[in-house]
>>> print(open('my_file_12.cif').read())   # mmCIF, C-alpha atoms and all ligand atoms
data_upload
loop_
_atom_site.label_atom_id
_atom_site.label_comp_id
_atom_site.auth_asym_id
_atom_site.auth_seq_id
_atom_site.Cartn_x
_atom_site.Cartn_y
_atom_site.Cartn_z
CA MET A 1 0.00 0.00 0.00
CA ALA A 2 1.46 3.34 -0.97
CA GLY A 3 0.58 5.59 1.91
CA VAL A 4 -2.72 6.82 3.16
CA GLY A 5 -5.16 7.78 0.45
CA PHE A 6 -5.73 11.42 -0.37
CA SER A 7 -7.88 12.66 -3.15
CA ARG A 8 -5.95 15.90 -3.52
CA ARG A 9 -3.55 16.28 -6.40
CA ARG A 10 0.02 15.37 -5.53
CA ARG A 11 2.28 18.41 -5.70
CA VAL A 12 5.97 18.01 -5.93
CA VAL A 13 7.78 20.01 -3.28
CA SER A 14 11.05 18.31 -2.68
CA ARG A 15 13.34 19.25 0.13
CA GLY A 16 15.18 22.48 -0.34
CA ASP A 17 13.69 23.34 -3.69
CA LEU A 18 11.51 26.06 -2.31
CA THR A 19 12.99 29.38 -1.28
CA VAL A 20 11.05 31.92 0.69
CA THR A 21 11.93 35.58 0.52
CA ALA A 22 9.00 37.62 1.81
CA PRO A 23 8.50 36.96 5.53
CA GLU A 24 4.75 37.43 5.34
CA SER A 25 4.47 34.79 2.63
CA GLY A 26 6.89 32.57 4.52
CA GLU A 27 4.48 30.95 6.89
CA ARG A 28 1.97 30.28 4.14
CA ALA A 29 4.62 28.53 2.06
CA VAL A 30 5.74 26.43 5.01
CA ARG A 31 2.15 25.42 5.74
CA GLN A 32 1.67 24.42 2.13
CA ALA A 33 4.88 22.39 2.16
CA ALA A 34 3.74 20.56 5.31
CA ALA A 35 0.35 19.79 3.75
CA ASP A 36 1.97 18.59 0.54
CA ALA A 37 4.34 16.35 2.47
CA MET A 38 1.43 14.91 4.44
CA ALA A 39 -0.11 13.78 1.17
CA ASN A 40 3.00 11.64 0.63
CA ALA A 41 3.01 10.09 4.11
CA TYR A 42 3.60 6.36 4.20
CA ALA A 43 1.46 5.33 7.13
CA PRO A 44 -0.18 2.00 6.29
CA TYR A 45 0.10 0.72 9.87
CA SER A 46 -1.17 3.63 11.93
CA GLY A 47 -3.27 5.28 9.25
CA PHE A 48 -2.08 8.56 10.76
CA ALA A 49 -0.48 10.73 8.08
CA VAL A 50 1.78 13.56 9.20
CA GLY A 51 3.51 16.27 7.21
CA ALA A 52 6.09 18.66 8.60
CA ALA A 53 8.01 21.57 7.17
CA LEU A 54 10.85 23.66 8.55
CA LEU A 55 11.64 27.21 7.54
CA ALA A 56 15.41 27.70 7.58
CA GLU A 57 17.00 31.04 8.42
CA ASP A 58 18.14 31.38 4.80
CA GLY A 59 14.55 31.07 3.56
CA ARG A 60 14.66 27.52 2.35
CA VAL A 61 11.80 25.21 3.27
CA PHE A 62 12.39 21.55 4.06
CA SER A 63 9.54 19.12 4.33
CA GLY A 64 9.11 15.55 5.45
CA CYS A 65 6.42 13.00 6.16
CA ASN A 66 6.15 10.02 8.42
CA VAL A 67 7.56 6.88 6.84
CA GLU A 68 6.44 3.73 8.61
CA ASN A 69 7.89 0.26 8.33
CA ALA A 70 6.72 -3.33 8.77
CA SER A 71 9.30 -3.39 11.54
CA TYR A 72 7.44 -0.73 13.48
CA PRO A 73 10.37 0.93 15.34
CA ALA A 74 12.14 1.47 12.01
CA GLY A 75 9.59 4.12 11.08
CA ILE A 76 10.37 7.81 11.31
CA CYS A 77 8.22 10.80 12.23
CA ALA A 78 7.57 13.61 9.78
CA GLU A 79 9.40 16.18 11.90
CA ARG A 80 12.63 14.20 12.07
CA ALA A 81 12.39 13.33 8.38
CA ALA A 82 12.17 17.05 7.58
CA LEU A 83 15.03 17.82 9.96
CA ALA A 84 17.32 15.15 8.51
CA GLY A 85 16.71 16.42 4.98
CA ALA A 86 17.39 19.98 6.03
CA VAL A 87 20.64 19.15 7.79
CA ALA A 88 21.78 17.05 4.84
CA GLN A 89 21.42 20.15 2.69
CA GLY A 90 23.34 22.38 5.03
CA ALA A 91 20.53 24.06 6.96
CA ARG A 92 20.96 24.10 10.73
CA GLU A 93 19.00 27.12 11.90
CA PHE A 94 15.25 27.29 11.76
CA SER A 95 12.61 29.77 12.80
CA LEU A 96 9.41 27.84 12.14
CA LEU A 97 8.14 24.28 12.16
CA VAL A 98 4.71 23.49 10.78
CA VAL A 99 3.07 20.14 11.48
CA CYS A 100 0.03 19.06 9.52
CA THR A 101 -2.30 16.15 10.25
CA LEU A 102 -5.86 15.05 9.63
CA ALA A 103 -6.50 14.67 13.35
CA ASP A 104 -9.55 16.25 15.00
CA HIS A 105 -7.30 18.66 16.91
CA PRO A 106 -3.74 19.97 16.42
CA THR A 107 -1.08 17.53 17.55
CA PRO A 108 2.30 18.56 19.00
CA PRO A 109 5.54 16.87 17.94
CA CYS A 110 6.27 13.68 19.88
CA GLY A 111 8.91 13.69 22.61
CA VAL A 112 11.65 12.21 20.44
CA CYS A 113 11.04 14.84 17.77
CA ARG A 114 11.06 17.62 20.35
CA GLN A 115 14.49 16.52 21.50
CA ALA A 116 15.76 16.21 17.92
CA ILE A 117 14.48 19.66 16.97
CA ALA A 118 15.82 21.29 20.12
CA GLU A 119 19.35 20.30 19.10
CA PHE A 120 19.19 22.75 16.20
CA ALA A 121 16.30 25.04 16.96
CA PRO A 122 15.76 25.57 20.68
CA ALA A 123 13.78 28.75 19.96
CA VAL A 124 11.77 27.56 16.98
CA GLU A 125 8.08 28.36 16.81
CA VAL A 126 5.89 25.31 16.28
CA VAL A 127 2.54 25.51 14.52
CA SER A 128 0.27 22.50 14.22
CA VAL A 129 -2.69 22.45 11.87
CA ALA A 130 -5.50 19.90 12.09
CA ARG A 131 -7.97 18.68 9.50
CA GLY A 132 -10.64 21.30 10.04
CA GLY A 133 -8.14 24.13 10.17
CA GLU A 134 -7.93 24.33 13.95
CA GLU A 135 -4.39 25.17 14.90
CA SER A 136 -2.11 25.50 17.89
CA ARG A 137 1.13 27.39 18.29
CA TRP A 138 3.84 26.73 20.83
CA SER A 139 7.41 27.78 21.50
CA MET A 140 9.96 24.98 21.66
CA ALA A 141 10.71 26.15 25.18
CA ALA A 142 7.12 25.42 26.15
CA LEU A 143 7.16 22.00 24.49
CA LEU A 144 10.51 20.94 25.91
CA PRO A 145 11.47 23.09 28.89
CA GLU A 146 14.47 21.00 29.95
CA PRO A 147 16.15 19.67 26.80
CA PHE A 148 19.21 17.50 26.93
CA THR A 149 21.74 19.77 25.22
CA PRO A 150 25.33 19.32 24.04
CA ALA A 151 26.38 21.12 27.23
CA CYS A 152 24.93 18.23 29.23
CA LEU A 153 27.63 15.97 27.80
CA LYS A 154 30.41 17.82 29.63
CA HIS A 155 32.15 15.79 32.29
CA ALA A 156 35.51 15.71 34.00
N1 LIG A 201 4.09 10.79 14.05
C1 LIG A 201 4.76 11.82 13.46
O1 LIG A 201 5.12 11.74 12.28
N2 LIG A 201 5.05 12.90 14.20
C2 LIG A 201 4.71 13.05 15.51
O2 LIG A 201 5.10 14.02 16.14
C3 LIG A 201 3.86 12.06 16.16
C4 LIG A 201 3.66 10.80 15.43
C5 LIG A 201 3.81 9.59 13.26
C6 LIG A 201 4.56 8.37 13.71
C7 LIG A 201 3.66 7.28 13.21
O3 LIG A 201 3.98 7.03 11.85
C8 LIG A 201 2.27 7.88 13.27
O4 LIG A 201 2.44 9.28 13.36
C9 LIG A 201 1.45 7.42 14.46
O5 LIG A 201 2.13 7.60 15.65
#
>>> encode(input="my_file_12.cif", output="structure tokens")
Amino acid sequence: MAGVGFSRRRRVVSRGDLTVTAPESGERAVRQAAADAMANAYAPYSGFAVGAALLAEDGRVFSGCNVENASYPAGICAERAALAGAVAQGAREFSLLVVCTLADHPTPPCGVCRQAIAEFAPAVEVVSVARGGEESRWSMAALLPEPFTPACLKHA
């Protein structure tokens, strides 16, 4: 099965191919990239499609979707998929993360994703958009007030 079915047309927004210049259009573009990525989610086991998109400080937008696996723990969340793609293309600073699902209410990034995002973007703004358009907005600091940071690794 190739992902969860969506009737909407599949738009191609591959990682890093979208550059945002006007700040006011920035969030709209990131939201669109997250929604487009959600349409490509591979979630045959949970049936829960997630799209995520990160706005890098240089204006590039990087998106990802959840990619599940028959060996369940081998799956990856949309947020970390977007982050990995961004880092692979040289982006390490981000100002916005948009998460998109078809859930009844906005869903925050899972704990593992919060930790992964905090490594690069401790001050990122997180927006989550649900099926009916309801949305929530959090700071990373609110989502993960005590992150494990590189400084924690210091020892004598
Ligand atoms: N999932 C995400 O992609 N992001 C989250 O923050 C929470 C959960 C995915 C993982 C799995 O494929 C499905 O949603 C159900 O947990």
>>> residues_around(input="my_file_12.cif", residues="Ala84 of chain A", least_positions_apart="6", cutoff="12 Å", atoms="all atoms listed in the file", output="list in words")
Arg15, Gly16, Ala52, Ala53, Leu54, Phe62, Ser63, Gly64, Cys65, Ile76, Cys77, Ala78, Gly90, Ala91, Arg92, Cys113, Ala116, Ile117, Glu119 and Phe120 of chain A
>>> residues_near_ligand(input="my_file_12.cif", ligand="ligand LIG 201 (chain A)", cutoff="8 Å", atoms="only C-alpha atoms and all ligand atoms", output="number ranges by chain")
A: 42-43, 45-52, 65-68, 75-80, 99, 107-111, 113
>>> closest_residue(input="my_file_12.cif", among="A:Met140, A:Val61, A:Ala39, A:Ala29", to="Val87 of chain A", atoms="all atoms listed in the file")
A:Val61
>>> closest_residue(input="my_file_12.cif", among="A:Leu55, A:Leu96, A:Leu144, A:Ala156", to="Ser128 of chain A", atoms="only C-alpha atoms")
A:Leu96
>>> atom_distance(input="my_file_12.cif", atom1="atom CA of Arg28 of chain A", atom2="atom CA of Val124 of chain A")
16.4 Å
>>> residues_around(input="my_file_12.cif", residues="Leu102 of chain A", least_positions_apart="3", cutoff="9 Å", atoms="all atoms listed in the file", output="ChimeraX atom specification")
/A:38,48-50,105-106,129-132
>>> residues_around(input="my_file_12.cif", residues="Pro145 of chain A", least_positions_apart="5", cutoff="12 Å", atoms="only C-alpha atoms", output="PyMOL selection string")
chain A and resi 111+114-115+118+122-123+138-140
>>> atom_distance(input="my_file_12.cif", atom1="atom CA of Asn69 of chain A", atom2="atom CA of Gln32 of chain A")
25.7 Å
>>> axis_aligned_box(input="my_file_12.cif", around="segment 83-101 of chain A", padding_each_side="3 Å", output="lines of an AutoDock Vina configuration file")
center_x = 10.5
center_y = 22.5
center_z = 7.7
size_x = 31.6
size_y = 20.6
size_z = 16.1
>>> atom_distance(input="my_file_12.cif", atom1="atom CA of Glu125 of chain A", atom2="atom CA of Gln89 of chain A")
21.1 Å
>>> closest_residue(input="my_file_12.cif", among="A:Ala151, A:Val98, A:Leu143, A:Ala103", to="Ala33 of chain A", atoms="all atoms listed in the file")
A:Val98
>>> closest_residue(input="my_file_12.cif", among="A:Ala35, A:Ala41, A:Ala82, A:Ala142", to="Arg60 of chain A", atoms="all atoms listed in the file")
A:Ala82
>>> closest_residue(input="my_file_12.cif", among="A:Val126, A:Ala37, A:Ala81, A:Ala74", to="Leu97 of chain A", atoms="all atoms listed in the file")
A:Val126
>>> decode(input="my_file_12.cif", residues="segment 71-105 of chain A", atoms="N, CA, C and O atoms", output="PDB file, in the first residue's frame")
ATOM      1  N   SER A  71       8.635  -3.306  10.236  1.00  0.00           N
ATOM      2  CA  SER A  71       9.303  -3.394  11.541  1.00  0.00           C
ATOM      3  C   SER A  71       9.032  -2.058  12.222  1.00  0.00           C
ATOM      4  O   SER A  71       9.728  -1.061  11.973  1.00  0.00           O
ATOM      5  N   TYR A  72       7.998  -2.000  13.022  1.00  0.00           N
ATOM      6  CA  TYR A  72       7.444  -0.727  13.481  1.00  0.00           C
ATOM      7  C   TYR A  72       8.470   0.301  13.975  1.00  0.00           C
ATOM      8  O   TYR A  72       8.395   1.474  13.614  1.00  0.00           O
ATOM      9  N   PRO A  73       9.435  -0.100  14.816  1.00  0.00           N
ATOM     10  CA  PRO A  73      10.366   0.926  15.336  1.00  0.00           C
ATOM     11  C   PRO A  73      11.254   1.542  14.260  1.00  0.00           C
ATOM     12  O   PRO A  73      11.895   2.563  14.502  1.00  0.00           O
ATOM     13  N   ALA A  74      11.311   0.937  13.094  1.00  0.00           N
ATOM     14  CA  ALA A  74      12.145   1.475  12.014  1.00  0.00           C
ATOM     15  C   ALA A  74      11.492   2.684  11.340  1.00  0.00           C
ATOM     16  O   ALA A  74      12.134   3.367  10.539  1.00  0.00           O
ATOM     17  N   GLY A  75      10.265   2.968  11.671  1.00  0.00           N
ATOM     18  CA  GLY A  75       9.589   4.120  11.076  1.00  0.00           C
ATOM     19  C   GLY A  75      10.149   5.427  11.606  1.00  0.00           C
ATOM     20  O   GLY A  75      10.819   5.464  12.641  1.00  0.00           O
ATOM     21  N   ILE A  76       9.888   6.492  10.874  1.00  0.00           N
ATOM     22  CA  ILE A  76      10.368   7.815  11.314  1.00  0.00           C
ATOM     23  C   ILE A  76       9.217   8.815  11.253  1.00  0.00           C
ATOM     24  O   ILE A  76       8.358   8.731  10.361  1.00  0.00           O
ATOM     25  N   CYS A  77       9.234   9.744  12.191  1.00  0.00           N
ATOM     26  CA  CYS A  77       8.215  10.797  12.229  1.00  0.00           C
ATOM     27  C   CYS A  77       8.495  11.844  11.156  1.00  0.00           C
ATOM     28  O   CYS A  77       9.640  12.033  10.717  1.00  0.00           O
ATOM     29  N   ALA A  78       7.457  12.563  10.802  1.00  0.00           N
ATOM     30  CA  ALA A  78       7.568  13.610   9.782  1.00  0.00           C
ATOM     31  C   ALA A  78       8.564  14.700  10.185  1.00  0.00           C
ATOM     32  O   ALA A  78       9.345  15.176   9.350  1.00  0.00           O
ATOM     33  N   GLU A  79       8.544  15.075  11.447  1.00  0.00           N
ATOM     34  CA  GLU A  79       9.404  16.176  11.899  1.00  0.00           C
ATOM     35  C   GLU A  79      10.875  15.820  11.757  1.00  0.00           C
ATOM     36  O   GLU A  79      11.696  16.626  11.314  1.00  0.00           O
ATOM     37  N   ARG A  80      11.222  14.590  12.171  1.00  0.00           N
ATOM     38  CA  ARG A  80      12.633  14.201  12.069  1.00  0.00           C
ATOM     39  C   ARG A  80      13.035  13.932  10.623  1.00  0.00           C
ATOM     40  O   ARG A  80      14.189  14.122  10.248  1.00  0.00           O
ATOM     41  N   ALA A  81      12.086  13.502   9.807  1.00  0.00           N
ATOM     42  CA  ALA A  81      12.386  13.326   8.379  1.00  0.00           C
ATOM     43  C   ALA A  81      12.711  14.683   7.755  1.00  0.00           C
ATOM     44  O   ALA A  81      13.675  14.824   6.992  1.00  0.00           O
ATOM     45  N   ALA A  82      11.920  15.696   8.111  1.00  0.00           N
ATOM     46  CA  ALA A  82      12.175  17.048   7.584  1.00  0.00           C
ATOM     47  C   ALA A  82      13.519  17.565   8.095  1.00  0.00           C
ATOM     48  O   ALA A  82      14.302  18.153   7.338  1.00  0.00           O
ATOM     49  N   LEU A  83      13.785  17.333   9.364  1.00  0.00           N
ATOM     50  CA  LEU A  83      15.032  17.818   9.963  1.00  0.00           C
ATOM     51  C   LEU A  83      16.252  17.160   9.303  1.00  0.00           C
ATOM     52  O   LEU A  83      17.233  17.839   8.977  1.00  0.00           O
ATOM     53  N   ALA A  84      16.188  15.866   9.102  1.00  0.00           N
ATOM     54  CA  ALA A  84      17.319  15.154   8.506  1.00  0.00           C
ATOM     55  C   ALA A  84      17.595  15.668   7.095  1.00  0.00           C
ATOM     56  O   ALA A  84      18.751  15.867   6.702  1.00  0.00           O
ATOM     57  N   GLY A  85      16.539  15.901   6.334  1.00  0.00           N
ATOM     58  CA  GLY A  85      16.714  16.418   4.976  1.00  0.00           C
ATOM     59  C   GLY A  85      17.326  17.803   4.984  1.00  0.00           C
ATOM     60  O   GLY A  85      18.185  18.127   4.161  1.00  0.00           O
ATOM     61  N   ALA A  86      16.882  18.614   5.940  1.00  0.00           N
ATOM     62  CA  ALA A  86      17.394  19.982   6.033  1.00  0.00           C
ATOM     63  C   ALA A  86      18.886  19.975   6.377  1.00  0.00           C
ATOM     64  O   ALA A  86      19.691  20.658   5.734  1.00  0.00           O
ATOM     65  N   VAL A  87      19.237  19.197   7.361  1.00  0.00           N
ATOM     66  CA  VAL A  87      20.643  19.152   7.794  1.00  0.00           C
ATOM     67  C   VAL A  87      21.520  18.609   6.668  1.00  0.00           C
ATOM     68  O   VAL A  87      22.626  19.101   6.433  1.00  0.00           O
ATOM     69  N   ALA A  88      21.013  17.623   5.947  1.00  0.00           N
ATOM     70  CA  ALA A  88      21.782  17.048   4.835  1.00  0.00           C
ATOM     71  C   ALA A  88      22.058  18.086   3.757  1.00  0.00           C
ATOM     72  O   ALA A  88      23.031  17.971   3.005  1.00  0.00           O
ATOM     73  N   GLN A  89      21.207  19.117   3.698  1.00  0.00           N
ATOM     74  CA  GLN A  89      21.420  20.149   2.685  1.00  0.00           C
ATOM     75  C   GLN A  89      22.014  21.416   3.281  1.00  0.00           C
ATOM     76  O   GLN A  89      21.971  22.491   2.674  1.00  0.00           O
ATOM     77  N   GLY A  90      22.552  21.290   4.460  1.00  0.00           N
ATOM     78  CA  GLY A  90      23.337  22.385   5.030  1.00  0.00           C
ATOM     79  C   GLY A  90      22.583  23.375   5.890  1.00  0.00           C
ATOM     80  O   GLY A  90      23.157  24.366   6.328  1.00  0.00           O
ATOM     81  N   ALA A  91      21.304  23.133   6.126  1.00  0.00           N
ATOM     82  CA  ALA A  91      20.531  24.057   6.964  1.00  0.00           C
ATOM     83  C   ALA A  91      20.576  23.573   8.415  1.00  0.00           C
ATOM     84  O   ALA A  91      20.355  22.387   8.689  1.00  0.00           O
ATOM     85  N   ARG A  92      20.884  24.488   9.315  1.00  0.00           N
ATOM     86  CA  ARG A  92      20.960  24.105  10.730  1.00  0.00           C
ATOM     87  C   ARG A  92      20.231  25.069  11.651  1.00  0.00           C
ATOM     88  O   ARG A  92      20.179  24.837  12.851  1.00  0.00           O
ATOM     89  N   GLU A  93      19.738  26.152  11.077  1.00  0.00           N
ATOM     90  CA  GLU A  93      19.000  27.118  11.902  1.00  0.00           C
ATOM     91  C   GLU A  93      17.610  27.301  11.325  1.00  0.00           C
ATOM     92  O   GLU A  93      17.456  27.499  10.117  1.00  0.00           O
ATOM     93  N   PHE A  94      16.646  27.254  12.205  1.00  0.00           N
ATOM     94  CA  PHE A  94      15.254  27.288  11.761  1.00  0.00           C
ATOM     95  C   PHE A  94      14.447  28.233  12.631  1.00  0.00           C
ATOM     96  O   PHE A  94      14.702  28.362  13.826  1.00  0.00           O
ATOM     97  N   SER A  95      13.447  28.863  12.018  1.00  0.00           N
ATOM     98  CA  SER A  95      12.606  29.769  12.797  1.00  0.00           C
ATOM     99  C   SER A  95      11.186  29.246  12.956  1.00  0.00           C
ATOM    100  O   SER A  95      10.450  29.700  13.827  1.00  0.00           O
ATOM    101  N   LEU A  96      10.793  28.306  12.111  1.00  0.00           N
ATOM    102  CA  LEU A  96       9.407  27.842  12.143  1.00  0.00           C
ATOM    103  C   LEU A  96       9.314  26.368  11.759  1.00  0.00           C
ATOM    104  O   LEU A  96       9.984  25.924  10.822  1.00  0.00           O
ATOM    105  N   LEU A  97       8.483  25.670  12.502  1.00  0.00           N
ATOM    106  CA  LEU A  97       8.143  24.279  12.160  1.00  0.00           C
ATOM    107  C   LEU A  97       6.629  24.189  12.062  1.00  0.00           C
ATOM    108  O   LEU A  97       5.919  24.592  12.988  1.00  0.00           O
ATOM    109  N   VAL A  98       6.148  23.699  10.935  1.00  0.00           N
ATOM    110  CA  VAL A  98       4.710  23.487  10.783  1.00  0.00           C
ATOM    111  C   VAL A  98       4.441  21.986  10.687  1.00  0.00           C
ATOM    112  O   VAL A  98       5.104  21.264   9.932  1.00  0.00           O
ATOM    113  N   VAL A  99       3.491  21.539  11.480  1.00  0.00           N
ATOM    114  CA  VAL A  99       3.074  20.139  11.483  1.00  0.00           C
ATOM    115  C   VAL A  99       1.640  20.100  10.976  1.00  0.00           C
ATOM    116  O   VAL A  99       0.813  20.935  11.361  1.00  0.00           O
ATOM    117  N   CYS A 100       1.352  19.140  10.135  1.00  0.00           N
ATOM    118  CA  CYS A 100       0.028  19.056   9.516  1.00  0.00           C
ATOM    119  C   CYS A 100      -0.492  17.623   9.627  1.00  0.00           C
ATOM    120  O   CYS A 100       0.221  16.676   9.290  1.00  0.00           O
ATOM    121  N   THR A 101      -1.695  17.472  10.155  1.00  0.00           N
ATOM    122  CA  THR A 101      -2.305  16.147  10.253  1.00  0.00           C
ATOM    123  C   THR A 101      -3.787  16.233   9.872  1.00  0.00           C
ATOM    124  O   THR A 101      -4.311  17.332   9.659  1.00  0.00           O
ATOM    125  N   LEU A 102      -4.418  15.084   9.858  1.00  0.00           N
ATOM    126  CA  LEU A 102      -5.856  15.048   9.632  1.00  0.00           C
ATOM    127  C   LEU A 102      -6.586  14.738  10.929  1.00  0.00           C
ATOM    128  O   LEU A 102      -7.750  14.312  10.935  1.00  0.00           O
ATOM    129  N   ALA A 103      -5.910  14.939  12.038  1.00  0.00           N
ATOM    130  CA  ALA A 103      -6.503  14.674  13.353  1.00  0.00           C
ATOM    131  C   ALA A 103      -7.625  15.682  13.636  1.00  0.00           C
ATOM    132  O   ALA A 103      -7.715  16.734  13.003  1.00  0.00           O
ATOM    133  N   ASP A 104      -8.439  15.360  14.634  1.00  0.00           N
ATOM    134  CA  ASP A 104      -9.545  16.250  15.000  1.00  0.00           C
ATOM    135  C   ASP A 104      -9.030  17.569  15.571  1.00  0.00           C
ATOM    136  O   ASP A 104      -9.652  18.620  15.409  1.00  0.00           O
ATOM    137  N   HIS A 105      -7.887  17.474  16.270  1.00  0.00           N
ATOM    138  CA  HIS A 105      -7.301  18.656  16.908  1.00  0.00           C
ATOM    139  C   HIS A 105      -5.795  18.690  16.617  1.00  0.00           C
ATOM    140  O   HIS A 105      -5.202  17.644  16.342  1.00  0.00           O
TER     141      HIS A 105
END
